[in-house]
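K.L.:
The structure follows.
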Amino acid sequence: MVHSDEQAQAGGAHMAAREDDIAFRIIDLLLAHGLSTAPLHYAVAHAHLDGSHPAISAAIDAQRTQGKPFDACFMAELYEEHLAAEAIRHACGVGSDVARLLDGLLDQLQQADAGSSNFKASLDENIGRLDPAGSSQHLKTVAQRLLEAALKASESNDVLKQNLEVADQEARQLRSELARHRRETLTDPLTGLLNRRGMELEMARVFADEADGQSAMLVLDIDHFKHVNDTYGHAVGDVVIRKVAQAVRQLIPEGAVPVRYGGEEFAVLLPPCSPEQACGVAEKIRRSIEKLRLVRRHDKLAIAQFTLSVGVAMRALGDDLEGLFQRADQALYRAKSGGRNQVMLAA
Ligand SMILES: Nc1nc2c(ncn2[C@@H]2O[C@H](COP(=O)(O)OP(=O)(O)OP(=O)(O)O)[C@@H](O)[C@H]2O)c(=O)[nH]1
């Protein structure tokens, strides 16, 4: 027994030492690439260094081999692709387990409470029927005791019920926190639009709901965005991304689902409409971006005009979301190769 306790302690100590070692290596890795120790970076680095996510390690190795930047965008992409779904699944699983448990407990409690109230009522009624002057006095005393016992049981039930109601309240709060967590996991923090994960879940849900209508997909991409970043810096690049997201959000009809699915790449699932209406929305967004004039705040430098290319595809019978997206993406490619700053409708 002592032996196995020692073994367990030694095992625990070994694991703790290994975790410490990983923690140091994570910090080394993040510092070496100029990355902050933000939870997202830490999670990706941890998944890589503890060997639990070979796909993340392979992507990191490939990025290094190809000499591509090991930056915040890359870390966010890895998190989105490999870890976000896990976090959502875990959060939703925990939430529904807690809720199921509490629903079951409350049901049982209500049944127990109803049972003991009935018991009390029936005893009350029977005691009332006994004759106090008759030989049943003894019976009445016994029944009185039973009533007291039932009352006590009912009181302790009340306390239990109150406790469980508090627990139920807490579970509801937990459920709403989990819902908030889920929303955050599906949202791009820079623009507030749905992210790639949100696209996979939310857009797919709306797409399935609109199975009968001819909805449309817009795929939008900022032109020469690398040049914007290289010329004015990453912070201005971020402002440009936010401005495009704002224009998209303001100019799409109600019921449309906008997402930022990549760095400077956006998509919108439009509710059922004609090709002219879909292209009209795309054109409005393109024009509003073309007209934008930004000035860098700290030195009042005027940012050169930037533009947007858009591919549009109409949903056809039997289309799945991916097929529709790909046709819109091909149309975008033609818009780019045709000179950019234009809208192209897929054949
Ligand atoms: N500022 C900023 N830049 C980002 C972000 N995500 C990706 N990028 C940058 O976006 C740029 C994308 O460049 P490319 O894919 O070469 O495309 P492009 O320069 O827009 O060229 P075309 O699409 O062909 O017109 C890269 O420089 C990325 O580093 C982000 O969140 N913020």
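How things are named: the first chain in the structure tokens is A, the next is B, and so on; residues count from 1 in each chain; ligands count from 1 in the order shown.
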Would you mind listing the residues within 7 Å of ligand 1, counting only C-alpha atoms and all ligand atoms, as a list of chain:residue names?
P.N.:
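Within the 7 Å cut-off, the matching residues are A:Cys73, A:Asp221, A:Ile222, A:Asp223, A:His224, A:Phe225, A:Lys226, A:His227, A:Asn229, A:His234, A:Ala235, A:Val236, A:Gly237, A:Asp238, A:Gly262, A:Gly263, A:Glu264, A:Lys336.
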K.L.:
Report as a compact mmCIF listing (two decimals) with C-alpha atoms, in the first residue's frame all protein, DNA and RNA residues lying within 12 Å of Val295 (chain A), evaluated on only C-alpha atoms, omitting residues in the same chain fewer than 3 positions from it.
P.N.:
```txt
# COMPACT_ATOMS: atom_id res chain seq x y z
CA TYR A 232 1.42 51.43 -43.57
CA VAL A 236 -3.46 50.19 -40.38
CA VAL A 239 -8.22 49.19 -39.44
CA VAL A 240 -8.78 48.46 -43.14
CA LEU A 292 -13.31 55.34 -48.40
CA HIS A 298 -0.79 59.69 -35.24
CA ASP A 299 0.87 61.38 -38.24
CA LYS A 300 -2.19 62.34 -40.34
CA LEU A 301 -0.80 60.38 -43.27
CA ALA A 302 -3.44 59.84 -45.95
CA ILE A 303 -3.83 56.15 -46.73
CA ALA A 304 -3.98 55.46 -50.46
CA GLN A 305 -7.27 54.21 -51.86
```
K.L.:
Report as a ChimeraX atom specification all protein, DNA and RNA residues lying within 7 Å of region 244-247 of chain A, evaluated on only C-alpha atoms, omitting residues in the same chain fewer than 4 positions from it.
P.N.:
/A:191,240,251,285,289
K.L.:
Those selected residues, please, written with N, CA and C atoms and delivered as a CSV table (one decimal), in the first residue's frame.
P.N.:
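Output below, filename out-v5.csv:
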```
chain,number,residue,atom,x,y,z
A,191,THR,N,-13.3,42.0,-35.9
A,191,THR,CA,-14.4,42.6,-36.6
A,191,THR,C,-15.8,42.3,-36.0
A,240,VAL,N,-8.2,48.7,-41.8
A,240,VAL,CA,-8.8,48.5,-43.1
A,240,VAL,C,-9.7,47.3,-43.1
A,251,LEU,N,-24.3,47.0,-45.3
A,251,LEU,CA,-24.9,47.1,-46.7
A,251,LEU,C,-25.6,45.7,-47.1
A,285,ILE,N,-21.1,47.3,-51.8
A,285,ILE,CA,-20.0,47.2,-50.9
A,285,ILE,C,-18.7,47.6,-51.6
A,289,ILE,N,-16.2,50.8,-50.5
A,289,ILE,CA,-14.8,50.7,-50.1
A,289,ILE,C,-13.9,51.5,-51.0
```
K.L.:
Report the closest atom pair, with its distance in Å rounded to one decimal, for each residue of region 231-295 of chain A that has an atom no farther than 6 Å from region 200-216 of chain A; count only C-alpha atoms, sort by chain and then rising residue number, and write it as JSON lines.
P.N.:
```
{"residue": "A:Leu269", "atom": "CA", "partner": "A:Ala216", "partner_atom": "CA", "distance": 5.9}
{"residue": "A:Leu270", "atom": "CA", "partner": "A:Ala216", "partner_atom": "CA", "distance": 5.0}
{"residue": "A:Pro271", "atom": "CA", "partner": "A:Ser215", "partner_atom": "CA", "distance": 4.9}
{"residue": "A:Pro272", "atom": "CA", "partner": "A:Ser215", "partner_atom": "CA", "distance": 3.8}
{"residue": "A:Cys273", "atom": "CA", "partner": "A:Ser215", "partner_atom": "CA", "distance": 5.9}
```
K.L.:
Grab the residues selected above and save them as a compact mmCIF listing (two decimals), in the first residue's frame with C-alpha atoms.
P.N.:
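The resulting file, part_21.txt, is reproduced below:
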```txt
# COMPACT_ATOMS: atom_id res chain seq x y z
CA LEU A 269 -24.57 34.13 -47.42
CA LEU A 270 -27.46 36.20 -48.78
CA PRO A 271 -31.07 35.18 -48.20
CA PRO A 272 -33.00 34.08 -51.33
CA CYS A 273 -32.66 36.73 -54.04
```
K.L.:
Using only C-alpha atoms, can you tell me which of A:Ala331, A:Val228, A:Ala346, A:Leu31 comes closest to Thr307 (chain A)?
P.N.:
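With only C-alpha atoms as the atom set, the closest residue is A:Val228.
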K.L.:
Out of A:Glu170, A:Gln250, A:His82, A:Asn195, which residue has the shortest atom-to-atom distance to His48 (chain A) when counting only C-alpha atoms?
P.N.:
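Smallest separation from His48 (chain A) among the options: A:His82.
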K.L.:
May I have the residues within 8 Å of Thr185 (chain A) as a VMD selection string, using only C-alpha atoms and disregarding those fewer than 4 positions away in the same chain?
P.N.:
chain A and resid 84 88 181 197 to 198
K.L.:
Please report the interatomic distance between CA of Leu324 (chain A) and CA of Arg183 (chain A) in Å with one decimal.
P.N.:
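Taking CA of Leu324 (chain A) and CA of Arg183 (chain A), their separation equals 25.1 Å.
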K.L.:
Could you work out how far CA of Ala43 (chain A) lies from CA of Leu78 (chain A), giving the answer in Å with one decimal?
P.N.:
10.0 Å
K.L.:
What's the separation between CA of Val281 (chain A) and CA of Asp319 (chain A), in Å to one decimal place?
P.N.:
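Between CA of Val281 (chain A) and CA of Asp319 (chain A) the gap is 21.5 Å.
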K.L.:
DSSP on the backbone, strand (DSSP E or B) only: what residues of region 187-270 of chain A does that give? Format it as number ranges by chain.
P.N.:
A: 187, 194, 216-222, 257-260, 265-270
K.L.:
Please produce a file of those selected residues containing C-alpha atoms, as a JSON list (two decimals), in the first residue's frame.
P.N.:
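The result, written out as selection_11.json:
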```json
[["chain", "number", "residue", "atom", "x", "y", "z"],
["A", 187, "THR", "CA", -16.72, 35.26, -33.42],
["A", 194, "LEU", "CA", -18.47, 35.17, -37.43],
["A", 216, "ALA", "CA", -26.46, 33.58, -52.93],
["A", 217, "MET", "CA", -22.86, 33.57, -51.74],
["A", 218, "LEU", "CA", -20.51, 36.54, -51.93],
["A", 219, "VAL", "CA", -16.78, 35.99, -51.43],
["A", 220, "LEU", "CA", -14.91, 39.26, -50.90],
["A", 221, "ASP", "CA", -11.16, 39.85, -50.76],
["A", 222, "ILE", "CA", -9.25, 43.10, -50.21],
["A", 257, "VAL", "CA", -24.83, 35.87, -42.70],
["A", 258, "PRO", "CA", -21.48, 37.71, -42.93],
["A", 259, "VAL", "CA", -18.21, 36.02, -41.93],
["A", 260, "ARG", "CA", -14.52, 36.81, -41.89],
["A", 265, "GLU", "CA", -11.17, 37.40, -46.80],
["A", 266, "PHE", "CA", -14.90, 37.68, -46.15],
["A", 267, "ALA", "CA", -17.99, 35.79, -47.24],
["A", 268, "VAL", "CA", -21.70, 36.57, -47.04],
["A", 269, "LEU", "CA", -24.57, 34.13, -47.42],
["A", 270, "LEU", "CA", -27.46, 36.20, -48.78]]
```
